[in-house]
$ cat input-v8.txt   # compact mmCIF, C-alpha atoms
# COMPACT_ATOMS: atom_id res chain seq x y z
CA MET O 1 113.73 104.64 124.51
CA GLN O 2 115.14 101.21 125.21
CA LEU O 3 112.95 99.25 122.78
CA LEU O 4 114.01 101.50 119.91
CA LYS O 5 117.71 101.34 120.77
CA GLU O 6 117.54 97.56 120.88
CA ARG O 7 115.85 97.53 117.51
CA ILE O 8 118.50 99.81 116.01
CA ILE O 9 121.23 97.52 117.35
CA LYS O 10 119.43 94.44 116.02
CA ASP O 11 118.25 95.64 112.60
CA GLY O 12 120.11 98.86 111.81
CA GLN O 13 122.84 98.67 109.19
CA LEU O 14 125.94 100.83 109.21
CA PHE O 15 127.74 102.04 106.10
CA PRO O 16 130.78 104.25 105.60
CA GLY O 17 130.02 107.97 105.71
CA ASN O 18 128.03 107.78 108.94
CA ILE O 19 125.08 106.16 107.22
CA LEU O 20 122.65 104.29 109.46
CA LYS O 21 120.01 102.40 107.48
CA VAL O 22 116.85 101.48 109.35
CA ASP O 23 114.75 100.69 106.33
CA SER O 24 113.60 97.32 107.63
CA PHE O 25 111.44 98.95 110.31
CA LEU O 26 111.24 102.72 109.84
CA ASN O 27 112.08 104.08 106.40
CA HIS O 28 110.93 101.68 103.73
CA GLN O 29 109.28 98.81 105.58
CA VAL O 30 107.48 100.21 108.62
CA ASP O 31 106.83 98.30 111.85
CA ILE O 32 103.50 99.71 112.97
CA SER O 33 103.70 98.17 116.47
CA LEU O 34 106.97 99.98 117.05
CA LEU O 35 105.45 103.23 115.77
CA ASN O 36 102.68 102.85 118.34
CA GLU O 37 105.26 102.53 121.12
CA ILE O 38 106.98 105.61 119.68
CA GLY O 39 103.65 107.45 119.72
CA LEU O 40 103.11 106.58 123.38
CA GLU O 41 106.59 107.79 124.27
CA PHE O 42 106.17 111.14 122.46
CA LYS O 43 102.83 111.59 124.21
CA ARG O 44 104.58 111.06 127.54
CA ARG O 45 107.31 113.58 126.69
CA PHE O 46 104.96 116.26 125.30
CA ALA O 47 101.96 115.50 127.54
CA ASP O 48 101.62 119.00 128.99
CA CYS O 49 102.13 120.87 125.72
CA ASP O 50 98.51 121.09 124.58
CA ILE O 51 99.47 120.09 121.02
CA ASN O 52 96.72 120.62 118.44
CA LYS O 53 98.69 119.96 115.24
CA ILE O 54 101.57 117.76 114.15
CA LEU O 55 103.80 118.96 111.33
CA THR O 56 106.14 116.70 109.40
CA ILE O 57 107.74 116.54 105.96
CA GLU O 58 107.28 114.02 103.19
CA ALA O 59 108.00 111.23 102.72
CA SER O 60 109.32 109.13 105.60
CA GLY O 61 107.99 111.42 108.34
CA ILE O 62 104.37 110.92 107.32
CA GLY O 63 103.72 107.42 108.63
CA ILE O 64 105.35 108.17 111.97
CA ALA O 65 103.44 111.44 112.33
CA CYS O 66 100.09 109.80 111.54
CA ILE O 67 100.52 107.06 114.14
CA VAL O 68 101.85 109.55 116.72
CA ALA O 69 98.91 111.91 116.07
CA GLN O 70 96.52 109.27 117.41
CA TYR O 71 97.98 109.84 120.87
CA PHE O 72 97.45 113.61 120.62
CA ASP O 73 94.04 113.37 118.95
CA CYS O 74 94.99 116.00 116.39
CA PRO O 75 95.49 116.27 112.62
CA VAL O 76 98.79 115.92 110.78
CA VAL O 77 100.06 118.39 108.21
CA PHE O 78 102.86 117.21 105.99
CA ALA O 79 105.04 119.74 104.24
CA LYS O 80 105.61 119.01 100.57
CA LYS O 81 108.87 119.14 98.71
CA SER O 82 108.74 121.13 95.51
CA LYS O 83 111.41 121.37 92.86
CA SER O 84 110.27 124.77 91.69
CA ILE O 85 109.87 127.92 93.73
CA ASN O 86 106.18 128.30 94.39
CA ILE O 87 105.14 131.80 93.45
CA SER O 88 101.65 131.40 94.86
CA ASN O 89 100.67 133.46 97.85
CA ASP O 90 98.83 130.49 99.29
CA PHE O 91 101.87 128.75 100.78
CA TYR O 92 104.52 129.27 103.40
CA GLN O 93 107.82 128.27 101.88
CA SER O 94 111.32 127.48 103.09
CA ASP O 95 114.45 126.21 101.37
CA VAL O 96 115.93 122.98 102.68
CA MET O 97 119.29 121.47 101.74
CA SER O 98 119.28 117.68 101.62
CA TYR O 99 122.67 116.20 102.50
CA THR O 100 121.28 112.73 101.78
CA HIS O 101 120.29 113.56 98.21
CA GLY O 102 122.69 116.45 97.62
CA ASN O 103 120.05 118.87 96.41
CA LEU O 104 118.00 121.87 97.45
CA ASN O 105 114.28 121.44 98.04
CA HIS O 106 111.65 124.08 98.43
CA VAL O 107 109.37 123.00 101.24
CA ILE O 108 105.82 124.30 101.24
CA VAL O 109 102.83 124.26 103.57
CA SER O 110 99.46 125.71 102.63
CA LYS O 111 98.46 128.77 104.63
CA ASP O 112 95.08 127.10 105.11
CA PHE O 113 96.51 124.46 107.42
CA ILE O 114 98.81 126.25 109.83
CA GLY O 115 98.49 129.59 111.55
CA SER O 116 98.02 131.68 114.65
CA GLY O 117 96.52 129.67 117.50
CA ASP O 118 98.14 126.40 116.45
CA LYS O 119 100.40 124.65 118.96
CA VAL O 120 102.63 122.54 116.82
CA LEU O 121 104.70 119.45 117.47
CA VAL O 122 107.20 118.72 114.68
CA ILE O 123 107.82 115.01 114.07
CA ASP O 124 110.53 113.49 111.90
CA ASP O 125 112.40 110.24 111.55
CA PHE O 126 115.98 111.54 111.55
CA LEU O 127 117.81 114.60 112.84
CA ALA O 128 121.40 115.13 111.68
CA HIS O 129 122.35 118.56 110.34
CA GLY O 130 118.84 119.75 111.09
CA CYS O 131 118.13 121.32 107.70
CA ALA O 132 114.65 119.84 107.29
CA LEU O 133 113.71 120.74 110.84
CA ARG O 134 114.90 124.33 110.49
CA GLY O 135 112.81 124.63 107.34
CA LEU O 136 109.70 123.44 109.18
CA ILE O 137 110.43 125.76 112.11
CA ASP O 138 110.82 128.71 109.70
CA ILE O 139 107.38 127.90 108.32
CA ILE O 140 105.83 127.67 111.80
CA GLU O 141 107.33 131.04 112.73
CA SER O 142 106.15 132.64 109.48
CA SER O 143 102.64 131.37 110.10
CA GLY O 144 102.26 132.81 113.59
CA ALA O 145 101.76 129.33 115.05
CA GLU O 146 103.53 128.32 118.25
CA LEU O 147 106.30 125.69 118.12
CA LYS O 148 105.91 123.46 121.17
CA GLY O 149 108.79 121.14 120.32
CA CYS O 150 110.34 118.57 118.04
CA GLY O 151 109.97 114.81 118.39
CA ILE O 152 112.66 112.86 116.58
CA VAL O 153 112.99 109.11 116.31
CA ILE O 154 116.76 108.93 115.71
CA GLU O 155 119.21 111.79 116.22
CA LYS O 156 122.82 111.68 115.06
CA GLY O 157 124.28 113.33 118.15
CA PHE O 158 127.69 113.71 116.53
CA GLN O 159 126.20 116.15 114.03
CA SER O 160 125.17 119.54 115.24
CA GLY O 161 121.51 119.86 114.26
CA GLY O 162 119.94 118.75 117.54
CA ASP O 163 122.16 120.71 119.89
CA ASP O 164 121.92 123.85 117.71
CA LEU O 165 118.14 123.73 118.12
CA ARG O 166 118.36 123.05 121.87
CA ASN O 167 120.72 126.06 122.17
CA ARG O 168 117.96 128.17 120.63
CA GLY O 169 115.72 127.08 123.51
CA ILE O 170 113.67 124.64 121.45
CA LYS O 171 112.49 121.46 123.19
CA VAL O 172 113.96 118.63 121.12
CA GLU O 173 113.16 115.09 122.24
CA SER O 174 114.98 112.34 120.39
CA LEU O 175 114.09 108.77 121.29
CA ALA O 176 117.55 107.47 120.37
CA ILE O 177 120.63 109.68 120.12
CA VAL O 178 123.53 108.01 118.36
CA GLU O 179 126.76 109.40 119.81
CA SER O 180 129.05 107.43 117.53
CA MET O 181 128.89 104.64 115.00
CA ASN O 182 131.55 102.50 113.40
CA ALA O 183 130.80 100.87 110.07
CA GLU O 184 133.88 98.64 110.33
CA ASN O 185 132.96 96.80 113.50
CA GLY O 186 129.22 97.60 113.52
CA GLU O 187 129.39 99.32 116.91
CA ILE O 188 126.76 101.93 117.81
CA VAL O 189 127.11 104.02 120.98
CA PHE O 190 124.06 105.90 122.27
CA ARG O 191 124.20 109.11 124.30
CA MET F 192 81.55 104.73 102.47
CA GLN F 193 79.00 107.34 103.42
CA LEU F 194 81.16 109.30 105.89
CA LEU F 195 83.86 109.73 103.26
CA LYS F 196 81.45 110.80 100.53
CA GLU F 197 79.94 113.39 102.84
CA ARG F 198 83.40 114.69 103.65
CA ILE F 199 84.30 114.95 99.96
CA ILE F 200 81.09 116.89 99.31
CA LYS F 201 81.77 119.18 102.28
CA ASP F 202 85.51 119.80 101.97
CA GLY F 203 86.58 118.67 98.50
CA GLN F 204 87.38 121.38 95.98
CA LEU F 205 86.80 121.02 92.25
CA PHE F 206 88.95 122.64 89.58
CA PRO F 207 88.84 122.52 85.79
CA GLY F 208 90.57 119.49 84.28
CA ASN F 209 88.80 116.99 86.55
CA ILE F 210 90.88 117.99 89.55
CA LEU F 211 89.45 117.09 92.95
CA LYS F 212 91.48 118.54 95.81
CA VAL F 213 91.05 116.90 99.19
CA ASP F 214 94.12 118.37 100.82
CA SER F 215 92.26 119.61 103.89
CA PHE F 216 91.71 116.05 105.13
CA LEU F 217 93.66 113.53 103.06
CA ASN F 218 96.58 114.84 101.02
CA HIS F 219 98.28 117.64 102.87
CA GLN F 220 96.42 118.01 106.15
CA VAL F 221 95.35 114.56 107.31
CA ASP F 222 92.29 113.82 109.47
CA ILE F 223 93.45 110.86 111.53
CA SER F 224 89.95 110.04 112.84
CA LEU F 225 88.72 109.71 109.28
CA LEU F 226 91.71 107.49 108.42
CA ASN F 227 90.75 105.21 111.29
CA GLU F 228 87.23 104.87 109.88
CA ILE F 229 88.81 104.14 106.50
CA GLY F 230 91.00 101.48 108.13
CA LEU F 231 87.96 99.80 109.67
CA GLU F 232 86.17 99.79 106.34
CA PHE F 233 89.12 98.26 104.46
CA LYS F 234 89.40 95.62 107.18
CA ARG F 235 85.73 94.79 106.63
CA ARG F 236 86.18 94.53 102.86
CA PHE F 237 89.39 92.46 102.98
CA ALA F 238 88.65 90.56 106.20
CA ASP F 239 89.01 87.08 104.72
CA CYS F 240 92.15 87.79 102.68
CA ASP F 241 94.78 86.86 105.27
CA ILE F 242 96.80 90.01 104.46
CA ASN F 243 100.32 90.03 105.94
CA LYS F 244 101.72 93.10 104.19
CA ILE F 245 100.44 96.44 102.96
CA LEU F 246 102.17 98.06 100.00
CA THR F 247 101.79 101.72 99.08
CA ILE F 248 103.76 104.43 97.32
CA GLU F 249 105.21 107.64 98.66
CA ALA F 250 104.18 110.19 99.60
CA SER F 251 100.46 110.58 100.21
CA GLY F 252 99.74 106.86 100.45
CA ILE F 253 102.00 106.38 103.47
CA GLY F 254 99.86 107.89 106.21
CA ILE F 255 96.75 106.07 105.03
CA ALA F 256 98.60 102.76 104.75
CA CYS F 257 100.09 103.08 108.25
CA ILE F 258 96.73 103.73 109.91
CA VAL F 259 95.04 100.99 107.85
CA ALA F 260 97.81 98.51 108.77
CA GLN F 261 96.77 98.69 112.42
CA TYR F 262 93.56 96.88 111.50
CA PHE F 263 95.48 94.11 109.73
CA ASP F 264 98.26 93.90 112.32
CA CYS F 265 100.93 93.85 109.62
CA PRO F 266 103.82 96.00 108.42
CA VAL F 267 103.68 98.60 105.65
CA VAL F 268 106.13 98.78 102.79
CA PHE F 269 106.18 102.00 100.85
CA ALA F 270 107.62 102.05 97.36
CA LYS F 271 110.01 104.89 96.69
CA LYS F 272 110.10 107.14 93.68
CA SER F 273 113.48 107.49 92.09
CA LYS F 274 114.50 109.86 89.32
CA SER F 275 117.28 107.65 88.13
CA ILE F 276 117.09 104.05 87.00
CA ASN F 277 118.36 101.94 89.85
CA ILE F 278 120.95 99.55 88.53
CA SER F 279 121.22 97.68 91.81
CA ASN F 280 120.07 94.10 91.92
CA ASP F 281 118.58 94.69 95.35
CA PHE F 282 115.36 96.29 94.14
CA TYR F 283 112.26 95.47 92.18
CA GLN F 284 111.59 98.35 89.84
CA SER F 285 108.75 99.60 87.70
CA ASP F 286 108.21 102.72 85.61
CA VAL F 287 105.23 104.88 86.50
CA MET F 288 103.90 107.80 84.50
CA SER F 289 102.50 110.60 86.65
CA TYR F 290 99.70 112.50 84.93
CA THR F 291 99.53 114.88 87.92
CA HIS F 292 103.17 115.91 87.63
CA GLY F 293 103.71 115.14 83.95
CA ASN F 294 106.81 113.05 84.48
CA LEU F 295 108.07 109.48 84.58
CA ASN F 296 109.10 107.99 87.91
CA HIS F 297 111.00 104.82 88.57
CA VAL F 298 109.35 103.11 91.49
CA ILE F 299 111.46 100.78 93.61
CA VAL F 300 110.92 98.29 96.43
CA SER F 301 113.75 96.47 98.14
CA LYS F 302 113.80 92.73 97.53
CA ASP F 303 114.28 92.34 101.28
CA PHE F 304 110.74 93.47 102.03
CA ILE F 305 108.49 91.70 99.57
CA GLY F 306 108.57 88.19 98.22
CA SER F 307 107.12 84.74 97.92
CA GLY F 308 104.70 83.97 100.75
CA ASP F 309 103.54 87.58 101.16
CA LYS F 310 99.82 88.26 100.77
CA VAL F 311 99.70 91.87 99.82
CA LEU F 312 97.04 94.55 100.03
CA VAL F 313 97.87 97.65 97.98
CA ILE F 314 96.63 100.90 99.50
CA ASP F 315 96.56 104.31 97.82
CA ASP F 316 94.72 107.61 98.13
CA PHE F 317 93.62 108.06 94.50
CA LEU F 318 92.97 105.84 91.50
CA ALA F 319 92.48 107.52 88.13
CA HIS F 320 94.47 106.19 85.17
CA GLY F 321 95.92 103.53 87.45
CA CYS F 322 99.57 104.06 86.54
CA ALA F 323 100.89 103.99 90.10
CA LEU F 324 98.81 100.95 90.94
CA ARG F 325 99.95 99.04 87.86
CA GLY F 326 103.56 99.81 88.85
CA LEU F 327 103.00 98.39 92.33
CA ILE F 328 101.24 95.34 90.92
CA ASP F 329 104.15 94.73 88.51
CA ILE F 330 106.49 94.76 91.49
CA ILE F 331 104.31 92.33 93.47
CA GLU F 332 104.20 89.96 90.49
CA SER F 333 107.97 90.18 89.97
CA SER F 334 108.56 89.38 93.62
CA GLY F 335 106.50 86.21 93.70
CA ALA F 336 104.17 87.66 96.33
CA GLU F 337 100.41 87.27 96.03
CA LEU F 338 98.24 90.30 95.29
CA LYS F 339 95.10 90.02 97.41
CA GLY F 340 93.57 93.29 96.26
CA CYS F 341 93.70 97.07 96.11
CA GLY F 342 92.10 99.42 98.62
CA ILE F 343 91.59 102.93 97.27
CA VAL F 344 90.19 105.92 99.12
CA ILE F 345 88.91 107.87 96.08
CA GLU F 346 88.51 106.49 92.57
CA LYS F 347 87.77 108.63 89.55
CA GLY F 348 85.29 106.26 87.96
CA PHE F 349 85.20 108.24 84.73
CA GLN F 350 88.83 107.33 84.10
CA SER F 351 89.67 103.80 83.19
CA GLY F 352 92.21 102.68 85.77
CA GLY F 353 89.86 100.99 88.22
CA ASP F 354 87.75 99.12 85.72
CA ASP F 355 90.82 98.01 83.75
CA LEU F 356 92.15 96.37 86.92
CA ARG F 357 88.77 94.80 87.76
CA ASN F 358 88.64 93.40 84.22
CA ARG F 359 91.96 91.69 84.94
CA GLY F 360 90.23 89.92 87.86
CA ILE F 361 91.83 92.06 90.56
CA LYS F 362 89.73 92.88 93.62
CA VAL F 363 89.62 96.68 93.70
CA GLU F 364 87.69 98.27 96.56
CA SER F 365 87.28 102.04 96.36
CA LEU F 366 85.56 103.75 99.27
CA ALA F 367 84.23 106.57 97.08
CA ILE F 368 83.91 106.32 93.31
CA VAL F 369 83.36 109.67 91.63
CA GLU F 370 81.30 109.10 88.50
CA SER F 371 81.32 112.72 87.40
CA MET F 372 82.33 116.12 88.69
CA ASN F 373 81.56 119.62 87.51
CA ALA F 374 83.93 122.39 88.48
CA GLU F 375 81.46 125.05 87.34
CA ASN F 376 78.61 124.20 89.69
CA GLY F 377 80.60 122.16 92.21
CA GLU F 378 78.48 119.04 91.67
CA ILE F 379 79.97 115.63 92.44
CA VAL F 380 78.09 112.43 91.50
CA PHE F 381 79.17 109.17 93.09
CA ARG F 382 78.74 105.74 91.47

$ encode --input "input-v8.txt" --output "structure tokens"
Amino acid sequence: MQLLKERIIKDGQLFPGNILKVDSFLNHQVDISLLNEIGLEFKRRFADCDINKILTIEASGIGIACIVAQYFDCPVVFAKKSKSINISNDFYQSDVMSYTHGNLNHVIVSKDFIGSGDKVLVIDDFLAHGCALRGLIDIIESSGAELKGCGIVIEKGFQSGGDDLRNRGIKVESLAIVESMNAENGEIVFR
Amino acid sequence: MQLLKERIIKDGQLFPGNILKVDSFLNHQVDISLLNEIGLEFKRRFADCDINKILTIEASGIGIACIVAQYFDCPVVFAKKSKSINISNDFYQSDVMSYTHGNLNHVIVSKDFIGSGDKVLVIDDFLAHGCALRGLIDIIESSGAELKGCGIVIEKGFQSGGDDLRNRGIKVESLAIVESMNAENGEIVFR
């Protein structure tokens, strides 16, 4: 998605350790006009998928998912991160390692809001190692819902998460795939 | 807002301890059509306020704020919760007690995204004791931005947060104010 790539080049900030900060338009301050263009593009890419539910994970996925959901005319469910294992029978649960924060989260979704008959599009801001996405996919599979695909704003193509999921036959659409980045000279190469 | 009150009556769940769960349409699963009606209503109530930024706090405020922002044609900034005190000079910071989770959060907003000249509408899902809101207002005041008001989806009118803020002269618009609730018979009375 050209508009997004241009915005990443213009406003993204690179830091050592393959860190790409986009918090001026996606992750802390949010450019709603850009999100609407992102919503249109996901609708184009998943037009024939008959999506009836969008699943994301708190926190930074929520705003994107809500704007995107307008183009699919469906509700959003956001998975919650929980420090403690939830012993209730009311939730699907998966464990997700966060490389960003260096901790393990338990991710939960109420059984009331996902289940057999649902055709689910997973939306998230970033895909790198794919831990969060695998957790959401685990939950979809446990629930009996059907995973129609994953819509990602920015994928770090030099980490394996995206291609691992594609190798499992999952439709993963990333609007910008960063093939390499160089914090020293600020260069970003897209796939 | 009649549509919202009817939805709370229909789908809200009451539990002992003055707990009102609305996670089928607002807090876990999100009804985007309802959020659009909420956006329209906030636009009506803050039409003459010249808002150029919406501030909220992760996680459940984000989706609401992003949909609402479409009616004001402005970006959203969401404050982040941090477990550790942030010693960086790059952030405004405030301490927020969470009654729901029984812990203290440090709430941070980058100095890059709020400052003098901004006319800020604060958006959040719930207002009870008002701790989160006071934290956001502290940050707005520290930044030199102008607080134009607070737009709340559901206020617990029997707790003091909303009226404390109104007594300070702050424009607080809550779309549904719950005056009392009774978990035993399921009765909800609105102000």

$ closest_residue --input "input-v8.txt" --among "O:Arg45, O:Lys53, O:Lys119, O:Lys81" --to "Ile223 of chain F" --atoms "all atoms listed in the file"
O:Lys53

$ calpha_fit_and_write --input "input-v8.txt" --fixed "chain O" --moving "chain F" --output "compact mmCIF listing (two decimals) with C-alpha atoms, keeping the file's coordinate frame"
# COMPACT_ATOMS: atom_id res chain seq x y z
CA MET F 192 113.72 104.65 124.49
CA GLN F 193 115.13 101.23 125.20
CA LEU F 194 112.94 99.25 122.77
CA LEU F 195 114.01 101.50 119.91
CA LYS F 196 117.70 101.35 120.76
CA GLU F 197 117.54 97.57 120.89
CA ARG F 198 115.85 97.53 117.50
CA ILE F 199 118.50 99.81 116.01
CA ILE F 200 121.23 97.52 117.36
CA LYS F 201 119.44 94.44 116.01
CA ASP F 202 118.25 95.64 112.60
CA GLY F 203 120.11 98.86 111.80
CA GLN F 204 122.83 98.66 109.18
CA LEU F 205 125.95 100.83 109.21
CA PHE F 206 127.76 102.03 106.11
CA PRO F 207 130.80 104.24 105.62
CA GLY F 208 130.04 107.97 105.71
CA ASN F 209 128.04 107.78 108.95
CA ILE F 210 125.09 106.16 107.22
CA LEU F 211 122.65 104.30 109.46
CA LYS F 212 120.01 102.41 107.48
CA VAL F 213 116.85 101.49 109.34
CA ASP F 214 114.74 100.70 106.32
CA SER F 215 113.60 97.32 107.62
CA PHE F 216 111.45 98.96 110.31
CA LEU F 217 111.25 102.72 109.84
CA ASN F 218 112.08 104.09 106.40
CA HIS F 219 110.93 101.69 103.75
CA GLN F 220 109.28 98.81 105.58
CA VAL F 221 107.48 100.21 108.61
CA ASP F 222 106.84 98.31 111.86
CA ILE F 223 103.50 99.72 112.97
CA SER F 224 103.70 98.19 116.47
CA LEU F 225 106.98 99.98 117.04
CA LEU F 226 105.45 103.24 115.77
CA ASN F 227 102.69 102.86 118.33
CA GLU F 228 105.27 102.54 121.11
CA ILE F 229 106.99 105.62 119.69
CA GLY F 230 103.65 107.46 119.73
CA LEU F 231 103.12 106.59 123.39
CA GLU F 232 106.59 107.80 124.26
CA PHE F 233 106.17 111.14 122.45
CA LYS F 234 102.83 111.59 124.20
CA ARG F 235 104.60 111.07 127.53
CA ARG F 236 107.32 113.59 126.67
CA PHE F 237 104.96 116.27 125.30
CA ALA F 238 101.97 115.50 127.53
CA ASP F 239 101.63 119.00 128.98
CA CYS F 240 102.13 120.89 125.71
CA ASP F 241 98.50 121.11 124.57
CA ILE F 242 99.48 120.09 121.01
CA ASN F 243 96.72 120.61 118.43
CA LYS F 244 98.70 119.95 115.25
CA ILE F 245 101.57 117.75 114.16
CA LEU F 246 103.80 118.95 111.34
CA THR F 247 106.15 116.70 109.39
CA ILE F 248 107.73 116.52 105.96
CA GLU F 249 107.27 114.01 103.19
CA ALA F 250 107.98 111.24 102.72
CA SER F 251 109.32 109.15 105.58
CA GLY F 252 107.99 111.41 108.33
CA ILE F 253 104.36 110.91 107.31
CA GLY F 254 103.72 107.41 108.62
CA ILE F 255 105.35 108.18 111.96
CA ALA F 256 103.44 111.45 112.32
CA CYS F 257 100.09 109.80 111.54
CA ILE F 258 100.52 107.07 114.15
CA VAL F 259 101.86 109.55 116.72
CA ALA F 260 98.90 111.90 116.07
CA GLN F 261 96.52 109.27 117.42
CA TYR F 262 97.99 109.85 120.88
CA PHE F 263 97.46 113.61 120.62
CA ASP F 264 94.04 113.36 118.95
CA CYS F 265 94.99 115.99 116.38
CA PRO F 266 95.50 116.27 112.63
CA VAL F 267 98.80 115.92 110.78
CA VAL F 268 100.06 118.39 108.22
CA PHE F 269 102.86 117.20 106.01
CA ALA F 270 105.03 119.73 104.23
CA LYS F 271 105.61 119.00 100.58
CA LYS F 272 108.86 119.14 98.71
CA SER F 273 108.76 121.13 95.52
CA LYS F 274 111.45 121.40 92.88
CA SER F 275 110.29 124.77 91.71
CA ILE F 276 109.86 127.93 93.73
CA ASN F 277 106.18 128.32 94.40
CA ILE F 278 105.13 131.81 93.47
CA SER F 279 101.65 131.39 94.88
CA ASN F 280 100.67 133.45 97.87
CA ASP F 281 98.82 130.48 99.31
CA PHE F 282 101.87 128.76 100.77
CA TYR F 283 104.52 129.25 103.39
CA GLN F 284 107.82 128.25 101.89
CA SER F 285 111.31 127.47 103.09
CA ASP F 286 114.45 126.20 101.38
CA VAL F 287 115.93 122.97 102.68
CA MET F 288 119.28 121.49 101.74
CA SER F 289 119.28 117.69 101.63
CA TYR F 290 122.67 116.21 102.49
CA THR F 291 121.28 112.72 101.78
CA HIS F 292 120.28 113.57 98.22
CA GLY F 293 122.69 116.44 97.60
CA ASN F 294 120.04 118.86 96.40
CA LEU F 295 118.00 121.87 97.45
CA ASN F 296 114.28 121.44 98.04
CA HIS F 297 111.65 124.09 98.44
CA VAL F 298 109.38 123.00 101.24
CA ILE F 299 105.81 124.30 101.24
CA VAL F 300 102.82 124.26 103.58
CA SER F 301 99.46 125.70 102.64
CA LYS F 302 98.46 128.77 104.64
CA ASP F 303 95.08 127.09 105.11
CA PHE F 304 96.51 124.46 107.43
CA ILE F 305 98.80 126.26 109.83
CA GLY F 306 98.47 129.59 111.55
CA SER F 307 98.01 131.68 114.63
CA GLY F 308 96.53 129.66 117.50
CA ASP F 309 98.14 126.37 116.43
CA LYS F 310 100.39 124.65 118.96
CA VAL F 311 102.63 122.55 116.83
CA LEU F 312 104.71 119.45 117.47
CA VAL F 313 107.19 118.72 114.68
CA ILE F 314 107.81 115.02 114.07
CA ASP F 315 110.53 113.50 111.89
CA ASP F 316 112.40 110.23 111.53
CA PHE F 317 115.98 111.55 111.54
CA LEU F 318 117.81 114.61 112.82
CA ALA F 319 121.40 115.14 111.68
CA HIS F 320 122.35 118.57 110.34
CA GLY F 321 118.83 119.75 111.09
CA CYS F 322 118.12 121.32 107.70
CA ALA F 323 114.64 119.85 107.29
CA LEU F 324 113.71 120.74 110.84
CA ARG F 325 114.92 124.33 110.49
CA GLY F 326 112.81 124.62 107.32
CA LEU F 327 109.71 123.43 109.18
CA ILE F 328 110.43 125.75 112.10
CA ASP F 329 110.82 128.71 109.70
CA ILE F 330 107.39 127.90 108.31
CA ILE F 331 105.83 127.66 111.79
CA GLU F 332 107.34 131.03 112.73
CA SER F 333 106.14 132.64 109.49
CA SER F 334 102.64 131.36 110.09
CA GLY F 335 102.25 132.79 113.57
CA ALA F 336 101.76 129.33 115.06
CA GLU F 337 103.54 128.31 118.25
CA LEU F 338 106.30 125.70 118.13
CA LYS F 339 105.90 123.45 121.17
CA GLY F 340 108.80 121.16 120.33
CA CYS F 341 110.34 118.57 118.04
CA GLY F 342 109.97 114.82 118.40
CA ILE F 343 112.66 112.86 116.58
CA VAL F 344 112.98 109.10 116.30
CA ILE F 345 116.76 108.93 115.70
CA GLU F 346 119.22 111.78 116.21
CA LYS F 347 122.81 111.68 115.07
CA GLY F 348 124.27 113.32 118.14
CA PHE F 349 127.68 113.71 116.53
CA GLN F 350 126.20 116.15 114.03
CA SER F 351 125.16 119.54 115.22
CA GLY F 352 121.51 119.87 114.26
CA GLY F 353 119.94 118.76 117.53
CA ASP F 354 122.16 120.71 119.87
CA ASP F 355 121.92 123.84 117.71
CA LEU F 356 118.14 123.73 118.12
CA ARG F 357 118.37 123.05 121.87
CA ASN F 358 120.72 126.04 122.17
CA ARG F 359 117.98 128.16 120.61
CA GLY F 360 115.72 127.08 123.51
CA ILE F 361 113.67 124.62 121.46
CA LYS F 362 112.48 121.46 123.20
CA VAL F 363 113.96 118.63 121.13
CA GLU F 364 113.16 115.09 122.25
CA SER F 365 114.98 112.33 120.39
CA LEU F 366 114.09 108.76 121.29
CA ALA F 367 117.56 107.46 120.37
CA ILE F 368 120.63 109.67 120.12
CA VAL F 369 123.54 108.01 118.36
CA GLU F 370 126.75 109.40 119.81
CA SER F 371 129.04 107.43 117.53
CA MET F 372 128.89 104.64 115.00
CA ASN F 373 131.56 102.49 113.41
CA ALA F 374 130.80 100.87 110.09
CA GLU F 375 133.87 98.64 110.36
CA ASN F 376 132.93 96.79 113.53
CA GLY F 377 129.21 97.60 113.53
CA GLU F 378 129.38 99.32 116.92
CA ILE F 379 126.75 101.92 117.81
CA VAL F 380 127.10 104.03 120.99
CA PHE F 381 124.05 105.89 122.26
CA ARG F 382 124.20 109.12 124.29

$ atom_distance --input "input-v8.txt" --atom1 "atom CA of Asn182 of chain O" --atom2 "atom CA of Leu14 of chain O"
7.2 Å

$ atom_distance --input "input-v8.txt" --atom1 "atom CA of Ser94 of chain O" --atom2 "atom CA of Gly61 of chain O"
17.2 Å

$ closest_atom_pairs --input "input-v8.txt" --of "chain F" --to "chain O" --cutoff "6 Å" --atoms "all atoms listed in the file" --output "CSV"
residue,atom,partner,partner_atom,distance
F:His219,CA,O:Phe78,CA,5.6
F:Gln220,CA,O:Val77,CA,4.2
F:Val221,CA,O:Val76,CA,5.1
F:Asp222,CA,O:Pro75,CA,5.1
F:Ile223,CA,O:Pro75,CA,5.9
F:Ala250,CA,O:Ala59,CA,5.0
F:Ile253,CA,O:Gly63,CA,5.5
F:Gly254,CA,O:Gly63,CA,4.6
F:Cys257,CA,O:Gly63,CA,5.7
F:Pro266,CA,O:Asp31,CA,5.1
F:Val267,CA,O:Val30,CA,5.1
F:Val268,CA,O:Gln29,CA,4.2
F:Phe269,CA,O:His28,CA,5.6
